[in-house]
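Structure file run.cif (mmCIF, C-alpha atoms) is printed below.
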data_protein
#
loop_
_atom_site.label_atom_id
_atom_site.label_comp_id
_atom_site.auth_asym_id
_atom_site.auth_seq_id
_atom_site.Cartn_x
_atom_site.Cartn_y
_atom_site.Cartn_z
CA MET H 280 119.16 71.20 107.59
CA VAL H 281 118.98 74.93 106.84
CA SER H 282 120.00 75.76 103.28
CA SER H 283 122.45 78.57 102.51
CA ASP H 284 119.65 80.55 100.88
CA GLN H 285 117.43 80.22 103.96
CA ARG H 286 120.34 81.21 106.20
CA ARG H 287 121.06 84.23 104.02
CA ARG H 288 117.45 85.38 104.25
CA GLN H 289 117.45 84.85 108.01
CA LEU H 290 120.62 86.91 108.43
CA ALA H 291 119.17 89.63 106.20
CA ARG H 292 116.01 89.83 108.30
CA GLU H 293 118.00 89.92 111.53
CA LYS H 294 120.19 92.70 110.17
CA PHE H 295 117.16 94.67 109.12
CA GLU H 296 115.61 94.27 112.57
CA ARG H 297 118.83 95.48 114.22
CA GLN H 298 118.84 98.53 111.99
CA GLN H 299 115.23 99.22 112.85
CA GLN H 300 115.99 98.98 116.56
CA ARG H 301 118.91 101.39 116.24
CA ARG H 302 116.73 103.74 114.25
CA GLU H 303 114.02 103.64 116.90
CA GLU H 304 116.54 104.26 119.70
CA ALA H 305 117.85 107.29 117.81
CA ARG H 306 114.29 108.62 117.50
CA HIS H 307 113.79 108.32 121.24
CA ARG H 308 117.07 110.14 121.94
CA THR H 309 116.00 112.93 119.60
CA ARG H 310 112.60 113.10 121.27
CA ARG H 311 114.19 113.41 124.72
CA LEU H 312 116.51 116.15 123.49
CA THR H 313 113.57 118.00 121.94
CA VAL H 314 111.70 117.87 125.25
CA ILE H 315 114.73 119.19 127.12
CA ILE H 316 115.19 122.06 124.67
CA ALA H 317 111.49 122.89 124.71
CA SER H 318 111.53 122.96 128.51
CA ALA H 319 114.51 125.29 128.52
CA VAL H 320 112.82 127.62 126.05
CA ALA H 321 109.69 127.62 128.17
CA VAL H 322 111.66 128.63 131.23
CA VAL H 323 113.32 131.49 129.39
CA ALA H 324 109.96 132.61 128.03
CA VAL H 325 108.40 132.71 131.48
CA ILE H 326 111.32 134.66 132.88
CA GLY H 327 111.09 137.16 130.06
CA GLY H 328 107.37 137.59 130.51
CA VAL H 329 106.66 136.28 127.02
CA THR H 330 104.72 133.15 126.07
CA TYR H 331 105.93 130.98 123.21
CA LEU H 332 104.17 128.11 121.50
CA ALA H 333 106.64 125.48 120.36
CA THR H 334 105.56 122.72 118.00
CA GLY H 335 107.70 119.72 117.23
CA ASP H 336 107.40 117.36 114.29
CA ASP H 337 107.97 114.25 116.30
CA GLY H 338 105.64 112.07 114.30
CA LYS H 339 108.00 111.18 111.56
CA LYS H 340 108.33 107.65 110.30
CA ASP H 341 111.43 105.84 110.04
CA LYS H 342 111.86 104.15 106.81
CA THR H 343 110.46 101.22 105.16
CA ASP H 344 113.69 99.82 104.83
CA ALA H 345 112.08 97.06 103.56
CA ALA H 346 114.97 95.38 102.49
CA ALA H 347 116.22 92.31 103.54
CA SER H 348 119.50 91.54 102.79
CA ALA H 349 120.53 94.71 103.67
CA SER H 350 117.58 94.17 105.44
CA PRO H 351 114.16 95.39 105.07
CA SER H 352 112.20 94.82 107.79
CA ALA H 353 110.00 97.08 106.29
CA SER H 354 111.74 99.58 107.31
CA ALA H 355 110.25 98.53 105.08
CA SER H 356 109.45 100.50 108.06
CA ALA H 357 109.76 103.81 109.33
CA SER H 358 107.32 105.56 111.36
CA PRO H 359 106.80 106.94 114.75
CA THR H 360 105.44 104.83 117.47
CA ALA H 361 101.78 105.28 118.31
CA SER H 362 102.68 107.30 121.39
CA GLU H 363 104.65 109.70 119.27
CA LYS H 364 101.87 110.82 116.96
CA SER H 365 101.87 114.55 116.46
CA ALA H 366 98.91 114.85 114.13
CA PRO H 367 95.60 113.04 113.63
CA GLU H 368 95.02 110.54 110.86
CA PRO H 369 93.16 112.14 107.89
CA ALA H 370 89.37 112.02 108.12
CA MET H 371 87.87 109.15 106.14
CA LYS H 372 86.71 110.56 102.79
CA ILE H 373 87.09 107.72 100.33
CA ASP H 374 84.50 105.20 99.20
CA LYS H 375 85.34 102.14 101.29
CA LYS H 376 83.80 99.84 98.71
CA ALA H 377 85.84 101.15 95.79
CA LYS H 378 89.25 100.43 94.34
CA TYR H 379 91.75 103.20 93.75
CA THR H 380 94.84 103.53 91.59
CA LEU H 381 97.92 105.37 92.80
CA SER H 382 99.97 106.60 89.83
CA LEU H 383 103.56 107.76 90.22
CA LYS H 384 105.40 109.65 87.51
CA THR H 385 109.07 108.91 88.09
CA SER H 386 112.41 109.44 86.41
CA GLN H 387 112.42 105.69 85.64
CA GLY H 388 108.99 105.57 84.08
CA ASP H 389 105.42 105.48 85.33
CA ILE H 390 104.65 103.17 88.25
CA ALA H 391 101.06 102.45 89.27
CA PHE H 392 99.33 100.12 91.67
CA THR H 393 95.75 99.36 92.67
CA MET H 394 94.47 99.69 96.25
CA ASP H 395 91.34 97.89 97.47
CA ALA H 396 89.68 100.22 99.98
CA ALA H 397 87.46 97.40 101.24
CA LYS H 398 90.56 95.63 102.58
CA THR H 399 92.74 98.58 103.56
CA PRO H 400 90.47 101.62 104.03
CA HIS H 401 92.79 103.55 106.37
CA THR H 402 95.81 103.04 104.14
CA ALA H 403 94.00 103.91 100.92
CA ASN H 404 92.41 106.97 102.51
CA SER H 405 95.76 108.18 103.84
CA PHE H 406 97.50 107.79 100.49
CA LYS H 407 94.74 109.66 98.68
CA SER H 408 94.86 112.45 101.23
CA LEU H 409 98.64 112.75 100.95
CA ALA H 410 98.68 112.53 97.14
CA ASP H 411 95.95 115.18 96.86
CA LYS H 412 98.17 117.52 98.91
CA GLY H 413 101.22 116.85 96.72
CA PHE H 414 103.03 115.17 99.61
CA PHE H 415 104.92 112.71 97.39
CA ASP H 416 105.72 115.20 94.62
CA GLY H 417 109.43 115.95 94.45
CA THR H 418 110.43 112.98 96.65
CA LYS H 419 112.59 110.00 95.76
CA CYS H 420 112.68 106.27 96.38
CA HIS H 421 115.60 106.19 98.77
CA ARG H 422 116.28 102.51 99.29
CA LEU H 423 116.75 99.42 97.16
CA THR H 424 117.46 95.91 98.46
CA THR H 425 118.76 93.27 96.07
CA GLN H 426 119.64 90.37 98.34
CA GLY H 427 117.53 88.36 100.77
CA ILE H 428 114.51 90.44 99.99
CA PHE H 429 113.85 92.41 96.83
CA VAL H 430 112.19 95.75 97.43
CA LEU H 431 112.29 99.40 96.45
CA GLN H 432 111.30 101.74 99.28
CA CYS H 433 109.69 105.12 98.69
CA GLY H 434 107.44 107.68 100.38
CA ASP H 435 109.93 109.52 102.59
CA PRO H 436 109.78 113.30 102.09
CA LYS H 437 113.25 113.62 103.64
CA GLY H 438 114.78 110.98 101.41
CA ASP H 439 116.84 109.36 104.15
CA GLY H 440 114.39 106.93 105.75
CA THR H 441 113.44 109.14 108.67
CA GLY H 442 110.57 111.16 107.21
CA GLY H 443 106.82 110.79 107.35
CA PRO H 444 103.50 112.65 107.43
CA GLY H 445 103.49 113.29 111.17
CA TYR H 446 100.81 110.71 111.98
CA THR H 447 100.43 106.94 111.97
CA ILE H 448 97.78 104.62 110.58
CA PRO H 449 96.68 101.19 111.81
CA ASP H 450 97.93 97.94 110.32
CA GLU H 451 95.44 96.30 107.95
CA ASN H 452 95.00 93.12 105.92
CA LEU H 453 97.87 91.33 107.67
CA THR H 454 96.38 87.87 107.12
CA ALA H 455 96.01 88.35 103.37
CA LEU H 456 99.25 86.53 102.54
CA GLY H 457 98.52 83.47 104.62
CA LYS H 458 99.83 81.98 107.83
CA ALA H 459 103.48 82.43 108.73
CA GLY H 460 105.72 79.42 108.28
CA LYS H 461 108.11 77.94 110.82
CA ASP H 462 110.56 80.72 110.05
CA GLY H 463 107.95 83.33 111.00
CA THR H 464 107.60 84.70 107.48
CA VAL H 465 105.18 84.72 104.58
CA THR H 466 105.88 85.35 100.92
CA TYR H 467 105.19 88.86 99.65
CA PRO H 468 104.73 88.12 95.94
CA ALA H 469 106.39 90.19 93.24
CA GLY H 470 104.10 93.09 92.43
CA THR H 471 102.98 93.59 96.04
CA VAL H 472 103.06 97.06 97.59
CA ALA H 473 103.23 97.17 101.39
CA MET H 474 103.67 99.66 104.21
CA ALA H 475 106.95 100.20 105.97
CA ASN H 476 106.93 100.59 109.75
CA THR H 477 109.19 100.83 112.80
CA GLY H 478 108.86 97.20 113.70
CA GLN H 479 106.04 97.97 116.10
CA ALA H 480 102.33 97.57 115.44
CA HIS H 481 100.35 100.40 113.88
CA THR H 482 103.32 102.62 113.02
CA GLY H 483 102.81 103.00 109.28
CA GLY H 484 103.06 106.50 107.86
CA SER H 485 103.91 107.44 104.29
CA GLN H 486 106.79 105.08 103.51
CA PHE H 487 106.02 102.01 101.45
CA PHE H 488 107.91 99.37 99.55
CA LEU H 489 107.46 97.84 96.10
CA VAL H 490 108.27 94.13 95.90
CA TYR H 491 109.85 93.28 92.53
CA LYS H 492 110.68 89.63 93.30
CA ASP H 493 109.04 87.20 95.73
CA SER H 494 110.34 88.08 99.20
CA LYS H 495 109.89 86.38 102.56
CA LEU H 496 109.11 88.76 105.44
CA PRO H 497 107.15 88.61 108.69
CA PRO H 498 103.42 89.25 108.10
CA THR H 499 103.62 92.58 109.89
CA TYR H 500 103.66 94.93 106.91
CA THR H 501 100.29 95.98 105.55
CA PRO H 502 99.97 94.70 101.95
CA PHE H 503 97.75 97.32 100.37
CA GLY H 504 98.51 97.48 96.66
CA THR H 505 99.29 95.47 93.54
CA MET H 506 101.37 96.78 90.65
CA ASP H 507 100.34 96.24 87.06
CA GLN H 508 102.76 94.34 84.80
CA ALA H 509 104.27 97.42 83.18
CA SER H 510 104.99 98.92 86.60
CA LEU H 511 106.50 95.70 87.89
CA LYS H 512 108.83 95.59 84.89
CA ALA H 513 109.90 99.17 85.59
CA VAL H 514 110.76 98.31 89.20
CA GLU H 515 112.49 95.09 88.13
CA ALA H 516 114.73 97.16 85.86
CA ILE H 517 115.61 99.43 88.78
CA GLY H 518 116.44 96.37 90.86
CA LYS H 519 118.51 94.83 88.09
CA ALA H 520 120.62 97.99 87.82
CA GLY H 521 121.56 97.51 91.46
CA VAL H 522 122.58 99.71 94.34
CA THR H 523 124.97 102.64 94.21
CA GLY H 524 128.47 101.45 95.03
CA GLY H 525 127.63 97.82 94.33
CA ALA H 526 126.19 97.07 97.78
CA ALA H 527 123.11 94.88 98.32
CA ASP H 528 121.17 97.59 100.11
CA GLY H 529 121.16 101.35 99.72
CA ALA H 530 120.29 104.08 97.25
CA PRO H 531 119.34 102.66 93.84
CA LYS H 532 121.93 103.19 91.11
CA LYS H 533 119.12 104.35 88.86
CA ALA H 534 117.78 107.32 90.83
CA VAL H 535 114.00 107.14 91.19
CA ASN H 536 112.63 110.66 91.55
CA ILE H 537 108.87 111.09 91.87
CA SER H 538 107.63 114.21 90.10
CA LYS H 539 103.91 113.60 90.60
CA ALA H 540 101.63 111.25 92.53
CA ALA H 541 97.89 110.98 92.03
CA VAL H 542 95.15 108.73 93.40
CA ASP H 543 91.93 108.14 91.47
CA LYS H 544 89.13 105.59 91.50
CA ALA H 545 90.11 102.57 89.47
#

Would you encode the structure as structure tokens?
Amino acid sequence: MVSSDQRRRQLAREKFERQQQRREEARHRTRRLTVIIASAVAVVAVIGGVTYLATGDDGKKDKTDAAASASPSASASASPTASEKSAPEPAMKIDKKAKYTLSLKTSQGDIAFTMDAAKTPHTANSFKSLADKGFFDGTKCHRLTTQGIFVLQCGDPKGDGTGGPGYTIPDENLTALGKAGKDGTVTYPAGTVAMANTGQAHTGGSQFFLVYKDSKLPPTYTPFGTMDQASLKAVEAIGKAGVTGGAADGAPKKAVNISKAAVDKA
């Protein structure tokens, strides 16, 4: 017999997946509209005897809504599909045998986690490249989920779950948390940091989620980092404060603004 807690988690995951699907459909509608507009501009340009180069940022990631009850399917996930990439993945420049620490200075205290490049080289390399460019500076953690799954989602430059770096990276280390159970999930332990995606393979971008309490999710979100105890406590405090308006999923009541992000060898 399915317990009420298991049913609640199942409903949370299903809700998250529905949100992800709606988000993806909206992205496709926007993409089609962009193509139509670009085509119209091209026609006008030809008629006027002038050539225009139009560039579209269609490689944005949806969010890592990684929340469950309100759902996190990793949206805990937000990123463009592989066919929608608009920029190449950063060239590999890190030491693939080393460990790196990503440090975030936030309005709720410092949060840091360790990345093992040997297990997630593409993810670690991307985060170092983005941090070195100041990509995360001035952004905020836009989503908190406090029911079903327990995650804080960050990494969206737009702050609404639809932003990303304009490229995608491959999934990595998906078997690290073990084999999925009968419910199709594995446990992402408290302290885990994982990539958000659109629900499709290899659609990670810049959005990621911080797990502050054991959460059951499908093993489709790249687990690439582990928070230290002080950082976990900081995120737990954010989770304990809850969501704005008292909901189970949404903007955290304690605003988490990132002033600076840096990646260094551990």

Can you tell me which residues surround Thr380 (chain H) at a distance of at most 8 Å, considering all atoms listed in the file, apart from same-chain residues fewer than 6 positions away, and format the answer as a short mmCIF file (atom, residue, chain, number, x, y, z; two decimals) with C-alpha atoms, keeping the file's coordinate frame?
data_model
loop_
_atom_site.label_atom_id
_atom_site.label_comp_id
_atom_site.auth_asym_id
_atom_site.auth_seq_id
_atom_site.Cartn_x
_atom_site.Cartn_y
_atom_site.Cartn_z
CA ALA H 391 101.06 102.45 89.27
CA PHE H 392 99.33 100.12 91.67
CA THR H 393 95.75 99.36 92.67
CA MET H 394 94.47 99.69 96.25
CA VAL H 542 95.15 108.73 93.40
CA ASP H 543 91.93 108.14 91.47
CA LYS H 544 89.13 105.59 91.50
CA ALA H 545 90.11 102.57 89.47
#

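With distances restricted to only C-alpha atoms, H:Lys372 is the closest residue to Ser408 (chain H) from H:Lys378, H:Lys372, H:Lys384, H:Arg422.
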
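Using only C-alpha atoms, the nearest neighbour of Tyr491 (chain H) within the list H:Thr424, H:Thr447, H:Asn536, H:Gln479 is H:Thr424.
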
Ranking H:Gly525, H:Ile537, H:Arg286, H:Asp462 by minimum distance to Cys420 (chain H) and counting only C-alpha atoms, which one comes first?
H:Ile537

Using only the atoms of region 540-544 of chain H listed in the file, plus 3 Å on each side, state the axis-aligned box centre and edge lengths in Å rounded to one decimal, as AutoDock Vina command-line options.
--center_x 95.4 --center_y 108.4 --center_z 92.4 --size_x 18.5 --size_y 11.7 --size_z 7.9

Hey, what's within 10 Å of Glu451 (chain H) if we count only C-alpha atoms and toss same-chain stuff fewer than 4 positions away? As a ChimeraX atom specification, please?
/H:398-402,455,474,481,499-503

Give me the residues near region 386-389 of chain H as a PyMOL selection string, where near means some atom within 12 Å (using only C-alpha atoms) and where sequence neighbours in that chain fewer than 4 positions away do not count.
chain H and resi 381-382+417-420+506-518+520+531-541

When you look at Gln486 (chain H) with a cut-off of 6 Å (counting all atoms listed in the file), what residues show up, excluding the ones that are within fewer than 4 positions of it in the same chain? I need them as a list in words.
Thr343, Cys433, Gly434, Asp435 and Ala475 of chain H

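If all atoms listed in the file are the atoms counted, then among H:Pro436, H:Gly524, H:Pro497, H:Gly483 the closest residue to Lys458 (chain H) is H:Pro497.
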
In Å, with one decimal, what is the gap from CA of Leu431 (chain H) to CA of Leu489 (chain H)?
5.1 Å

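Minimum atom-to-atom distance to Val430 (chain H), evaluated using all atoms listed in the file, belongs to H:Asp493 out of H:Asp395, H:Asp411, H:Glu368, H:Asp493.
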
I'd like the residues picked by the PyMOL selection byres ((chain H and resi 429) around 7) written out as a PyMOL selection string, using the chain letters and numbers from the file.
chain H and resi 346+424-428+430+490-492+494

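Take the candidates H:Gly445, H:Gly470, H:Gly440, H:Gly460 and check each one against His421 (chain H) using all atoms listed in the file; the shortest distance goes to H:Gly440.
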
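Atom pair CA of Lys461 (chain H) / CA of Asn476 (chain H): separated by 22.7 Å.
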
For CA of Thr466 (chain H) and CA of Ser283 (chain H), determine how far apart the two atoms are, in Å to one decimal place.
18.0 Å

Fewer than 3 positions away in the same chain doesn't count, so skip those; otherwise give me all residues within 7 Å of Arg288 (chain H), counting only C-alpha atoms, as a ChimeraX atom specification.
/H:284-285,291-292,348,427

Test item: write region 370-402 of chain H with N, CA and C atoms as a short mmCIF file (atom, residue, chain, number, x, y, z; two decimals), in the first residue's frame:
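Output file selection_0.cif follows:
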data_model
loop_
_atom_site.label_atom_id
_atom_site.label_comp_id
_atom_site.auth_asym_id
_atom_site.auth_seq_id
_atom_site.Cartn_x
_atom_site.Cartn_y
_atom_site.Cartn_z
N ALA H 370 35.71 25.63 -24.00
CA ALA H 370 36.83 24.71 -24.23
C ALA H 370 37.32 24.17 -22.89
N MET H 371 37.72 22.91 -22.87
CA MET H 371 38.17 22.27 -21.64
C MET H 371 39.51 22.87 -21.20
N LYS H 372 39.53 23.51 -20.03
CA LYS H 372 40.74 24.15 -19.54
C LYS H 372 41.12 23.71 -18.12
N ILE H 373 40.26 22.97 -17.48
CA ILE H 373 40.56 22.57 -16.11
C ILE H 373 41.42 21.31 -16.07
N ASP H 374 41.94 21.02 -14.90
CA ASP H 374 42.68 19.77 -14.67
C ASP H 374 41.64 18.71 -14.34
N LYS H 375 41.46 17.75 -15.23
CA LYS H 375 40.42 16.74 -15.05
C LYS H 375 40.66 15.79 -13.88
N LYS H 376 41.84 15.86 -13.30
CA LYS H 376 42.14 14.98 -12.18
C LYS H 376 42.01 15.71 -10.83
N ALA H 377 41.70 16.98 -10.91
CA ALA H 377 41.66 17.79 -9.69
C ALA H 377 40.25 17.98 -9.14
N LYS H 378 40.19 18.49 -7.92
CA LYS H 378 38.92 18.88 -7.32
C LYS H 378 38.89 20.39 -7.23
N TYR H 379 37.72 20.96 -7.39
CA TYR H 379 37.56 22.39 -7.37
C TYR H 379 36.48 22.79 -6.37
N THR H 380 36.61 23.99 -5.83
CA THR H 380 35.62 24.49 -4.90
C THR H 380 34.95 25.71 -5.50
N LEU H 381 33.62 25.69 -5.56
CA LEU H 381 32.87 26.85 -6.01
C LEU H 381 32.36 27.57 -4.77
N SER H 382 32.76 28.82 -4.60
CA SER H 382 32.37 29.61 -3.44
C SER H 382 31.41 30.71 -3.85
N LEU H 383 30.29 30.80 -3.15
CA LEU H 383 29.29 31.82 -3.43
C LEU H 383 29.15 32.75 -2.23
N LYS H 384 29.31 34.02 -2.45
CA LYS H 384 29.05 35.00 -1.40
C LYS H 384 27.62 35.46 -1.60
N THR H 385 26.77 35.18 -0.61
CA THR H 385 25.36 35.51 -0.76
C THR H 385 24.86 36.36 0.40
N SER H 386 23.67 36.89 0.22
CA SER H 386 23.06 37.72 1.27
C SER H 386 22.65 36.89 2.48
N GLN H 387 22.71 35.56 2.38
CA GLN H 387 22.40 34.68 3.50
C GLN H 387 23.63 33.93 3.99
N GLY H 388 24.78 34.45 3.70
CA GLY H 388 26.01 33.82 4.14
C GLY H 388 26.74 33.12 3.00
N ASP H 389 27.96 32.72 3.26
CA ASP H 389 28.77 32.04 2.25
C ASP H 389 28.28 30.60 2.05
N ILE H 390 28.24 30.19 0.80
CA ILE H 390 27.86 28.82 0.45
C ILE H 390 28.94 28.28 -0.47
N ALA H 391 29.50 27.12 -0.15
CA ALA H 391 30.56 26.55 -0.97
C ALA H 391 30.33 25.06 -1.16
N PHE H 392 30.78 24.56 -2.29
CA PHE H 392 30.69 23.11 -2.52
C PHE H 392 31.87 22.66 -3.38
N THR H 393 32.24 21.42 -3.21
CA THR H 393 33.38 20.83 -3.91
C THR H 393 32.91 20.06 -5.15
N MET H 394 33.64 20.23 -6.25
CA MET H 394 33.35 19.53 -7.49
C MET H 394 34.54 18.62 -7.82
N ASP H 395 34.26 17.38 -8.17
CA ASP H 395 35.30 16.42 -8.55
C ASP H 395 35.35 16.36 -10.07
N ALA H 396 36.38 16.99 -10.64
CA ALA H 396 36.48 17.06 -12.10
C ALA H 396 36.65 15.69 -12.75
N ALA H 397 37.17 14.73 -12.01
CA ALA H 397 37.35 13.38 -12.56
C ALA H 397 36.00 12.73 -12.86
N LYS H 398 34.97 13.12 -12.11
CA LYS H 398 33.64 12.54 -12.29
C LYS H 398 32.73 13.40 -13.16
N THR H 399 32.91 14.71 -13.09
CA THR H 399 32.06 15.61 -13.87
C THR H 399 32.91 16.70 -14.53
N PRO H 400 33.80 16.33 -15.46
CA PRO H 400 34.70 17.30 -16.07
C PRO H 400 33.99 18.41 -16.84
N HIS H 401 32.95 18.07 -17.61
CA HIS H 401 32.26 19.10 -18.39
C HIS H 401 31.54 20.09 -17.49
N THR H 402 30.92 19.58 -16.44
CA THR H 402 30.19 20.45 -15.53
C THR H 402 31.14 21.35 -14.76
#
